[in-house]
Structures are given as structure tokens and as C-alpha cells.
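Here is the file my_file_39.csv (CSV, C-alpha atoms).
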```csv
chain,number,residue,atom,x,y,z
A,590,MET,CA,-72.5,50.3,20.3
A,591,ASP,CA,-69.5,49.4,18.2
A,592,TYR,CA,-67.1,52.3,17.9
A,593,THR,CA,-64.8,50.5,15.4
A,594,PRO,CA,-64.5,52.4,12.2
A,595,SER,CA,-66.5,50.8,9.4
A,596,VAL,CA,-63.5,50.0,7.3
A,597,LEU,CA,-61.9,48.1,10.1
A,598,ARG,CA,-65.2,46.3,10.8
A,599,SER,CA,-65.5,45.2,7.2
A,600,THR,CA,-61.8,44.0,7.2
A,601,GLN,CA,-62.5,42.0,10.4
A,602,ARG,CA,-65.6,40.5,8.9
A,603,SER,CA,-63.8,39.5,5.7
A,604,HIS,CA,-60.8,38.2,7.7
A,605,SER,CA,-63.1,36.1,10.0
A,606,THR,CA,-64.9,34.9,6.8
A,607,LEU,CA,-61.6,33.9,5.3
A,608,THR,CA,-60.4,32.2,8.4
A,609,GLU,CA,-63.7,30.2,8.6
A,610,SER,CA,-63.5,29.2,5.0
A,611,ALA,CA,-59.9,28.2,5.3
A,612,LEU,CA,-60.7,26.1,8.3
A,613,ALA,CA,-63.5,24.5,6.4
A,614,THR,CA,-61.3,23.5,3.5
A,615,HIS,CA,-58.1,22.8,5.5
A,616,PRO,CA,-58.9,21.6,9.0
A,617,PRO,CA,-56.1,22.1,11.5
A,618,ALA,CA,-53.7,19.1,11.8
A,619,PRO,CA,-54.5,16.9,14.7
A,620,ARG,CA,-52.2,17.4,17.7
A,621,GLN,CA,-49.4,14.9,17.7
A,622,SER,CA,-48.5,13.0,20.9
A,623,ARG,CA,-45.2,13.7,22.6
A,624,ARG,CA,-44.0,10.3,21.5
A,625,ARG,CA,-44.6,11.1,17.9
A,626,ARG,CA,-43.0,14.5,18.1
A,627,ARG,CA,-39.8,13.0,19.6
A,628,ARG,CA,-39.3,10.5,16.8
A,629,PRO,CA,-38.2,13.0,14.2
A,630,ALA,CA,-35.8,14.6,16.7
A,631,ILE,CA,-34.4,11.2,17.6
A,632,ARG,CA,-34.1,10.3,13.9
A,633,ARG,CA,-32.3,13.6,13.2
A,634,LYS,CA,-29.8,13.0,16.0
A,635,LEU,CA,-29.2,9.4,14.9
A,636,ILE,CA,-28.6,10.5,11.3
A,637,THR,CA,-26.3,13.3,12.4
A,638,ALA,CA,-24.3,10.8,14.5
A,639,LEU,CA,-24.0,8.3,11.7
A,640,ILE,CA,-22.9,11.0,9.3
A,641,GLY,CA,-20.4,12.2,11.8
A,642,LEU,CA,-18.9,8.6,12.0
A,643,VAL,CA,-18.9,7.9,8.3
A,644,LEU,CA,-18.0,11.2,6.7
A,645,PRO,CA,-14.5,11.4,8.1
A,646,LEU,CA,-13.5,7.9,6.9
A,647,PRO,CA,-12.4,8.9,3.3
A,648,PHE,CA,-10.5,11.8,4.7
A,649,ALA,CA,-8.8,9.9,7.6
A,650,THR,CA,-5.1,9.7,7.4
A,651,THR,CA,-3.3,6.5,8.2
A,652,ALA,CA,-0.6,6.6,10.7
A,653,GLN,CA,2.8,6.4,9.0
A,654,ALA,CA,5.3,3.9,10.2
A,655,ALA,CA,8.7,5.0,11.3
A,656,PRO,CA,11.5,5.0,8.7
A,657,GLU,CA,13.6,1.8,8.5
A,658,GLU,CA,17.1,1.4,7.2
A,659,ILE,CA,17.6,-1.8,5.3
A,660,HIS,CA,21.2,-3.0,4.6
A,661,GLY,CA,23.2,-6.1,3.8
A,662,GLU,CA,25.3,-7.8,1.2
A,663,ILE,CA,24.3,-8.8,-2.3
A,664,GLY,CA,26.2,-11.3,-4.3
A,665,CYS,CA,25.8,-12.6,-7.9
A,666,ILE,CA,26.6,-16.3,-8.2
A,667,ASN,CA,28.2,-16.1,-11.7
A,668,ASN,CA,30.9,-13.7,-10.3
A,669,ALA,CA,29.5,-10.9,-12.3
A,670,SER,CA,29.7,-7.8,-10.1
A,671,PRO,CA,26.4,-6.2,-9.1
A,672,VAL,CA,26.2,-2.8,-10.9
A,673,GLY,CA,23.0,-1.5,-9.4
A,674,VAL,CA,20.4,-2.1,-6.7
A,675,TRP,CA,16.8,-0.8,-7.0
A,676,VAL,CA,14.6,-1.2,-3.9
A,677,GLN,CA,10.9,-1.7,-4.9
A,678,ALA,CA,8.9,-0.8,-1.8
A,679,ALA,CA,5.3,-1.8,-1.1
A,680,ARG,CA,4.4,1.1,1.4
A,681,SER,CA,7.4,3.3,1.1
A,682,LYS,CA,9.0,5.3,-1.6
A,683,SER,CA,11.0,3.1,-4.0
A,684,GLY,CA,14.5,4.1,-5.2
A,685,TRP,CA,18.2,3.4,-5.8
A,686,ALA,CA,20.1,1.9,-2.9
A,687,ASP,CA,23.5,3.2,-2.0
A,688,TRP,CA,26.1,0.5,-2.6
A,689,LYS,CA,29.8,-0.1,-2.5
A,690,VAL,CA,32.2,-2.9,-3.1
A,691,PRO,CA,33.4,-4.2,0.2
A,692,VAL,CA,37.1,-4.4,0.9
A,693,HIS,CA,37.7,-8.1,1.5
A,694,LEU,CA,38.8,-11.1,-0.6
A,695,GLY,CA,36.2,-12.3,-3.0
A,696,GLY,CA,34.4,-9.0,-2.8
A,697,THR,CA,34.4,-8.4,-6.6
A,698,SER,CA,31.0,-10.2,-7.1
A,699,LYS,CA,29.4,-8.7,-3.9
A,700,VAL,CA,28.3,-5.3,-2.8
A,701,ASP,CA,27.2,-3.8,0.5
A,702,TYR,CA,23.9,-1.9,0.1
A,703,THR,CA,21.9,0.5,2.3
A,704,TYR,CA,18.5,2.1,1.7
A,705,THR,CA,16.0,3.9,4.0
A,706,LEU,CA,12.3,3.0,3.6
A,707,ASN,CA,10.5,6.1,4.7
A,708,ASN,CA,7.5,4.1,6.0
A,709,GLY,CA,9.1,0.7,6.5
A,710,GLY,CA,7.3,-2.3,5.3
A,711,PRO,CA,7.9,-5.0,2.7
A,712,TYR,CA,10.2,-4.5,-0.3
A,713,GLN,CA,12.0,-6.4,-3.1
A,714,VAL,CA,15.5,-5.8,-4.4
A,715,HIS,CA,16.2,-5.7,-8.1
A,716,VAL,CA,19.8,-6.3,-8.8
A,717,GLY,CA,21.8,-5.7,-11.9
A,718,CYS,CA,24.4,-8.5,-12.2
A,719,GLY,CA,27.0,-7.7,-14.8
A,720,GLY,CA,27.0,-4.9,-17.3
A,721,ARG,CA,27.1,-1.2,-16.4
A,722,PRO,CA,25.0,0.9,-14.0
A,723,GLN,CA,23.2,2.3,-17.1
A,724,HIS,CA,22.7,-1.1,-18.8
A,725,TRP,CA,22.4,-4.2,-16.7
A,726,ASP,CA,23.2,-7.6,-18.2
A,727,ASN,CA,20.7,-9.3,-15.9
A,728,ASP,CA,17.9,-7.8,-13.9
A,729,ILE,CA,17.3,-10.2,-11.1
A,730,HIS,CA,14.8,-9.7,-8.2
A,731,SER,CA,13.9,-11.1,-4.8
A,732,ASP,CA,10.5,-11.9,-3.3
A,733,ASN,CA,8.9,-9.4,-0.9
A,734,VAL,CA,10.8,-9.3,2.4
A,735,GLU,CA,10.9,-7.1,5.5
A,736,GLY,CA,13.9,-5.9,7.5
A,737,PRO,CA,17.6,-6.0,6.6
A,738,HIS,CA,18.8,-9.0,4.6
A,739,ASP,CA,21.7,-10.4,2.6
A,740,PHE,CA,20.8,-11.7,-0.9
A,741,LEU,CA,22.4,-14.2,-3.2
A,742,CYS,CA,21.3,-13.8,-6.9
A,743,ASN,CA,21.4,-16.5,-9.5
A,744,ASP,CA,22.7,-14.9,-12.7
A,745,ILE,CA,23.9,-18.1,-14.2
A,746,ASN,CA,22.6,-18.8,-17.7
A,747,PRO,CA,19.9,-21.5,-17.2
A,748,ILE,CA,21.1,-23.6,-20.1
A,749,ALA,CA,24.8,-23.5,-19.0
A,750,ASN,CA,23.6,-24.5,-15.5
A,751,GLU,CA,21.6,-27.5,-16.8
A,752,VAL,CA,24.6,-28.6,-19.0
A,753,TRP,CA,26.9,-28.4,-15.9
A,754,ASN,CA,24.5,-30.2,-13.6
A,755,HIS,CA,23.5,-33.0,-15.9
A,756,MET,CA,26.4,-33.6,-18.2
A,757,VAL,CA,29.5,-32.6,-16.3
A,758,ALA,CA,28.8,-32.8,-12.6
A,759,GLU,CA,26.8,-36.0,-12.6
A,760,GLU,CA,29.0,-37.7,-15.2
A,761,LEU,CA,32.3,-36.9,-13.4
A,762,PHE,CA,31.1,-37.2,-9.8
A,763,GLY,CA,28.0,-39.4,-9.9
A,764,VAL,CA,25.7,-38.9,-6.9
A,765,PHE,CA,28.1,-36.3,-5.5
A,766,GLY,CA,27.6,-34.2,-8.6
A,767,LYS,CA,24.4,-32.8,-7.1
A,768,LEU,CA,26.6,-31.2,-4.4
A,769,LEU,CA,28.3,-29.2,-7.1
A,770,ASP,CA,25.1,-27.4,-8.2
A,771,LEU,CA,26.3,-24.0,-9.4
A,772,SER,CA,23.0,-22.3,-8.6
A,773,ARG,CA,23.4,-23.1,-4.8
A,774,GLY,CA,19.7,-23.8,-4.6
A,775,VAL,CA,18.7,-20.3,-5.9
A,776,PRO,CA,16.1,-20.5,-8.7
A,777,ASP,CA,17.1,-19.1,-12.1
A,778,ASN,CA,17.0,-15.3,-12.4
A,779,HIS,CA,16.1,-14.9,-8.7
A,780,CYS,CA,17.6,-13.5,-5.5
A,781,ASN,CA,17.2,-15.5,-2.3
A,782,THR,CA,17.8,-14.2,1.2
A,783,VAL,CA,20.8,-15.8,2.9
A,784,GLY,CA,21.8,-16.1,6.6
```
Mind turning the file's structure into C-alpha cells?
Amino acid sequence: MDYTPSVLRSTQRSHSTLTESALATHPPAPRQSRRRRRRPAIRRKLITALIGLVLPLPFATTAQAAPEEIHGEIGCINNASPVGVWVQAARSKSGWADWKVPVHLGGTSKVDYTYTLNNGGPYQVHVGCGGRPQHWDNDIHSDNVEGPHDFLCNDINPIANEVWNHMVAEELFGVFGKLLDLSRGVPDNHCNTVG
């Protein structure tokens, strides 16, 4: 004889009926093999590893180079004194170079400059030949260079240079007139490295 209270028996009956009807409409999922069960775990680990490799890339910091002091002498061909030197850096902070007129003969059209590139790397110099520090007569620049350099800047008026080269020097000195090229091989409005 069953000593289970009638309420509990009816609940058990309805529960077993529900379980049987649920199984009839939704059979249990077939058992997966171990191989199949491992695949999602392997995929998860692989995806996690890839995310771990890729995610830090945008946040990675590049190693900064050591500061580098650049220095040298800058001269303007037309004997106009340099009145300012701007250093345009590619990887470092750009800024005004410290400069001074050296104490030696012929030093009025030359200056000594120094500047510290906080991350080193390539740079250009922009030189004011003539004028005042606040207003340059000519803004002449170099190509990108690295390390300390001396520069010679061609601030000669291009028309005056052509007149000299073709009308005066060649007429007076013939083939030797080319040796008297005032630009000294430096292109118009450009600074070349020297030495």
C-alpha cells in the first residue's frame, strides 16, 4: 500500500506526465563525443589568445629614443647675418635653436647653433638670413638630415645670381667664370650641409 499523501501522489503523477510529454516533444540532445566537446573549448582558448595578442597593439607605447644634441655652424652666402634658426623635427619636438655669433673673423654672416632633439631622429633647419628675429628677409630651409651638421644657405637673389653668372663672370673670365659661381653649388633658397 502506498502511504504517500494523495496530494503528493497527484503532484508526482502530473510531474511524471509533464516529464513524459516534454520528452515526447523535445527529445534529449544526443550525447556528444569527447572530440566534439573539446572543439568549443579549443576555439575559446584560441580566440582568447588572439585577442590577447591583438588587443594591446593600439595601446602599445613605442620606445622613445635618447635625446640628441645637434649643433654646428650656419652661414648665409649673401653675407646677411642669420637672425633665427628653427629646427623642424620629424620625431622630436620642434623649436627655436639657441644661436650666437662666433667670435672670429668673417663671423658676421655665420652663427653657431645648438638644439636638443628630445627623441633624436631626422630634422630640417629653417634659417632666417637677413632681417630681424621677428621678421626674416629670407626663410631658407635644408633637407631632412640626422646628427650634427654645418649648413650653408643660399640667400642670394636668384635673378642677381643669374646676371652675375652669365653676364659678368663668363664675359670677364670666360670658362673660368664658372669657378666664380656665387651660389657655391647651393640651390636657390636652400641650405646644404657642408663638411
Using only C-alpha atoms, give me every residue within 6 Å of (16.5, 3.4, -6.9) in file coordinates, as a PDB file with C-alpha atoms, in the frame of the given file.
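Once everything was written out, this is selection.pdb:
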```pdb
ATOM      1  CA  TRP A 675      16.800  -0.800  -7.000  1.00  0.00           C
ATOM      2  CA  VAL A 676      14.600  -1.200  -3.900  1.00  0.00           C
ATOM      3  CA  GLY A 684      14.500   4.100  -5.200  1.00  0.00           C
ATOM      4  CA  TRP A 685      18.200   3.400  -5.800  1.00  0.00           C
ATOM      5  CA  ALA A 686      20.100   1.900  -2.900  1.00  0.00           C
TER       6      ALA A 686
END
```
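From atom CA of A:Val674 back to atom CA of A:Asn708, the distance works out to 19.1 Å.
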### Message
I'd like the interatomic distance between atom CA of A:Asn743 and atom CA of A:Ile659, to a tenth of an Å.
### Response
21.2 Å
#### Entry: Residue among A:Gly673, A:Cys665, A:Asn746, A:Lys682 lying closest to A:Cys780, counting all atoms listed in the file
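Closest to A:Cys780, using all atoms listed in the file: A:Cys665.
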## Note on the structure
Pairwise distance, atom CA of A:Arg680 with atom CA of A:Gly709, equals 6.9 Å
### Task
With a distance cut-off of 10 Å and only C-alpha atoms, select the neighbouring residues of A:Glu657, excluding the residue or stretch itself and same-chain residues fewer than 3 positions from it, and output the selection as a list in words.
Ala654, His660, Ser681, Tyr704, Thr705, Leu706, Asn707, Asn708, Gly709, Gly710, Glu735, Gly736 and Pro737 of chain A
Check which residues of stretch 673-715 of chain A sit at most 8 Å from stretch 719-733 of chain A using all atoms listed in the file, and return one row each with the closest pair of atoms and their distance in Å to one decimal, ordered by chain and rising number, as CSV.
```
residue,atom,partner,partner_atom,distance
A:Gly673,CA,A:Pro722,CA,5.6
A:Pro711,CA,A:Asn733,CA,5.8
A:Tyr712,CA,A:Asn733,CA,5.1
A:Gln713,CA,A:Asn733,CA,4.8
A:Val714,CA,A:His730,CA,5.5
A:His715,CA,A:His730,CA,4.2
```
#### Entry: Contacts of A:Ile663 at 9 Å (only C-alpha atoms; same-chain gap of 5+ positions) as a ChimeraX atom specification
/A:671,674,698-702,716,738-742,780
### Pick from A:Ile636, A:Ile666, A:Ala678, A:Ile631, whichever lies nearest to A:Asp744 using all atoms listed in the file
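Residue with the minimum atom-to-atom distance to A:Asp744: A:Ile666.
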### Task
Return the single residue from A:Gly784, A:Gly774, A:Gly661, A:Pro656 that is closest to A:Pro691, with distances computed using only C-alpha atoms.
A:Gly661
